[in-house]
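Novice: Input file: data-v2.csv. Contents: CSV, C-alpha atoms.
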chain,number,residue,atom,x,y,z
A,86,MET,CA,-19.3,21.7,-4.3
A,87,THR,CA,-16.7,21.6,-1.5
A,88,TYR,CA,-13.0,22.1,-2.1
A,89,LYS,CA,-12.5,18.3,-1.4
A,90,GLN,CA,-15.0,17.5,-4.1
A,91,TYR,CA,-13.1,19.7,-6.6
A,92,ILE,CA,-9.9,18.0,-5.7
A,93,GLN,CA,-11.5,14.6,-6.1
A,94,GLN,CA,-12.8,15.7,-9.6
A,95,VAL,CA,-9.2,16.7,-10.6
A,96,LEU,CA,-7.9,13.4,-9.4
A,97,GLN,CA,-10.5,11.3,-11.2
A,98,ARG,CA,-10.2,13.4,-14.4
A,99,ASN,CA,-6.4,12.5,-14.4
A,100,ASN,CA,-6.9,8.8,-13.5
A,101,TRP,CA,-5.6,9.1,-9.9
A,102,GLU,CA,-7.4,7.0,-7.3
A,103,ILE,CA,-7.6,7.5,-3.6
A,104,THR,CA,-6.2,4.3,-2.1
A,105,GLU,CA,-6.3,5.3,1.6
A,106,ILE,CA,-7.8,8.0,3.8
A,107,GLY,CA,-6.3,8.8,7.1
A,108,SER,CA,-5.9,11.5,9.7
A,109,GLY,CA,-4.4,12.5,13.1
A,110,LEU,CA,-0.7,11.5,12.6
A,111,PHE,CA,0.3,15.0,13.8
A,112,TRP,CA,-1.6,18.0,15.2
A,113,TRP,CA,-1.8,19.5,11.7
A,114,ASP,CA,-3.0,16.3,9.9
A,115,LEU,CA,-6.7,16.9,9.6
A,116,GLU,CA,-6.9,14.4,6.8
A,117,HIS,CA,-4.7,12.9,4.2
A,118,TRP,CA,-5.3,10.8,1.1
A,119,LYS,CA,-2.8,8.4,-0.4
A,120,ILE,CA,-3.3,8.4,-4.2
A,121,ARG,CA,-2.1,6.2,-7.0
A,122,ARG,CA,-2.2,6.3,-10.8
A,123,TYR,CA,-2.1,2.8,-12.2
A,124,ALA,CA,1.1,1.1,-11.0
A,125,GLN,CA,3.0,4.3,-10.3
A,126,ALA,CA,4.4,5.3,-6.9
A,127,GLU,CA,1.9,6.6,-4.4
A,128,LEU,CA,1.6,10.3,-3.6
A,129,VAL,CA,-0.1,11.9,-0.5
A,130,VAL,CA,-2.6,14.8,-0.5
A,131,CYS,CA,-2.5,16.4,2.9
A,132,PHE,CA,-5.3,18.7,4.3
A,133,MET,CA,-3.2,20.7,6.8
A,134,ALA,CA,-4.5,22.6,9.8
A,135,ASP,CA,-3.9,26.3,10.5
A,136,PRO,CA,-1.4,26.5,13.4
A,137,LEU,CA,-3.7,29.1,15.1
A,138,ASP,CA,-6.9,27.1,14.5
A,139,GLU,CA,-6.3,23.4,14.5
A,140,VAL,CA,-9.9,22.7,13.4
A,141,HIS,CA,-9.9,24.2,9.9
A,142,VAL,CA,-7.8,23.4,6.8
A,143,GLN,CA,-5.4,26.1,5.8
A,144,HIS,CA,-3.5,24.3,3.0
A,145,VAL,CA,-3.9,21.3,0.8
A,146,ARG,CA,-0.5,20.0,-0.3
A,147,LEU,CA,0.7,17.2,-2.5
A,148,PHE,CA,3.8,15.2,-1.3
A,149,PRO,CA,5.8,12.2,-2.6
A,150,GLN,CA,5.4,10.7,0.9
A,151,PHE,CA,3.8,11.8,4.1
A,152,PRO,CA,5.6,14.9,5.5
A,153,VAL,CA,7.2,15.0,9.0
A,154,HIS,CA,6.8,18.7,9.6
A,155,TRP,CA,3.9,21.1,9.1
A,156,ASP,CA,5.9,23.7,7.1
A,157,GLU,CA,7.2,21.3,4.4
A,158,GLN,CA,6.2,22.8,1.0
A,159,GLY,CA,5.5,19.6,-1.0
A,160,ILE,CA,5.2,19.4,-4.8
A,161,VAL,CA,2.3,21.8,-5.1
A,162,SER,CA,0.1,23.7,-2.6
A,163,ILE,CA,-3.4,25.1,-2.5
A,164,SER,CA,-4.1,27.8,0.2
A,165,LEU,CA,-7.7,28.0,1.3
A,166,ASN,CA,-7.3,31.4,2.8
A,167,ASP,CA,-6.2,33.7,0.0
A,168,GLY,CA,-9.2,33.6,-2.4
A,169,LEU,CA,-7.2,32.0,-5.2
A,170,PHE,CA,-8.6,28.5,-5.0
A,171,ASN,CA,-9.5,28.1,-8.7
A,172,GLU,CA,-6.1,29.3,-9.9
A,173,GLN,CA,-4.3,27.1,-7.4
A,174,LEU,CA,-6.5,24.1,-8.2
A,175,ASN,CA,-5.5,24.5,-11.9
A,176,LEU,CA,-1.8,24.5,-10.9
A,177,PHE,CA,-2.5,21.4,-8.8
A,178,GLU,CA,-4.0,19.7,-11.8
A,179,ALA,CA,-1.1,20.8,-14.0
A,180,LYS,CA,1.4,19.2,-11.6
A,181,LEU,CA,-0.6,16.0,-11.5
A,182,ILE,CA,-0.5,15.9,-15.4
A,183,GLN,CA,3.3,16.4,-15.3
A,184,LEU,CA,3.6,13.4,-12.8
A,185,LYS,CA,1.8,11.0,-15.2
Written as structure tokens, that's how I'd like the structure from this file.
Specialist:
Amino acid sequence: MTYKQYIQQVLQRNNWEITEIGSGLFWWDLEHWKIRRYAQAELVVCFMADPLDEVHVQHVRLFPQFPVHWDEQGIVSISLNDGLFNEQLNLFEAKLIQLK
């Protein structure tokens, strides 16, 4: 499975749905998903480019709204470069559970 499929599984398991998929709002915005759980406020999952390689995703970050700057930290972050994807995915899911 790809990292996006793992993230989709986590969202589905916790009753979050992807309501919109977009990209290209800024150089680092390779893709973003707006997500919603029932009638709650929307969140944004951003797939953010590496500043030295604008083609590959470096971070997946969860935000309360779409960020204006590349270096905003967000609610929780998954780095795709440090080999800790599974641990960070678990933290991502734990944060989603807290936001229920």
Novice: Work out how far CA of Asn100 in chain A is from CA of Ala124 in chain A, in Å to one decimal.
Specialist: 11.4 Å
Novice: For Ile103 in chain A, please output as JSON, numbers by chain all residues within 7 Å (counting all atoms listed in the file; exclusion window: fewer than 2 positions along the same chain).
Specialist: {"A": [101, 105, 118, 119, 120, 121]}
Novice: So which residues touch Glu139 in chain A within 10 Å, counting only C-alpha atoms, skipping near sequence neighbours fewer than 2 positions away, as a PyMOL selection string?
Specialist: chain A and resi 112-115+133-137+141-143
Novice: Which distance in Å separates CA of Ile163 in chain A and CA of Tyr91 in chain A, to one decimal?
Specialist: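 We find that CA of Ile163 in chain A and CA of Tyr91 in chain A lie 11.8 Å from each other.
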Novice: Could you please determine the separation between CA of Val129 in chain A and CA of Tyr88 in chain A in Å, to one decimal place?
Specialist: 16.5 Å
Novice: Nearest to Leu174 in chain A: which of A:Met86, A:Gly109, A:Ile92, A:Arg146 is it, counting only C-alpha atoms?
Specialist: A:Ile92
Novice: For Glu127 in chain A, which residue out of A:Glu102, A:Glu172, A:Glu178, A:Asp156 is the nearest one, using all atoms listed in the file?
Specialist: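 Checking each of A:Glu102, A:Glu172, A:Glu178, A:Asp156 against Glu127 in chain A, counting all atoms listed in the file, the winner is A:Glu102.
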Novice: Taking into account all atoms listed in the file, which residue in the set A:Gln183, A:Ser108, A:Gln90, A:Asn175 is nearest to Ser162 in chain A?
Specialist: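 For Ser162 in chain A, the nearest of the given residues is A:Asn175.
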Novice: Find, counting only C-alpha atoms, the residue in A:His117, A:Lys180, A:Lys185, A:Arg98 that gets nearest to Gln150 in chain A.
Specialist: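 Closest candidate: A:His117.
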Novice: Give the answer as one residue: which of A:Phe148, A:Glu157, A:Gln93, A:Val130 has the shortest atom-to-atom distance to Gly107 in chain A, using only C-alpha atoms?
Specialist: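 Checking each of A:Phe148, A:Glu157, A:Gln93, A:Val130 against Gly107 in chain A, counting only C-alpha atoms, the winner is A:Val130.
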Novice: Which of these, A:Phe111, A:Phe170, A:Asp138, A:Ala126, has the shortest distance to Pro152 in chain A once you count all atoms listed in the file?
Specialist: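 Of A:Phe111, A:Phe170, A:Asp138, A:Ala126, the one nearest Pro152 in chain A is A:Phe111, counting all atoms listed in the file.
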Novice: The centre and edge lengths of an axis-aligned box containing all atoms of range 90-106 of chain A present in the file, extended by 3 Å on each side, are to be given in Å to one decimal, as AutoDock Vina command-line options.
Specialist:
--center_x -10.3 --center_y 12.0 --center_z -5.3 --size_x 15.4 --size_y 21.4 --size_z 24.2
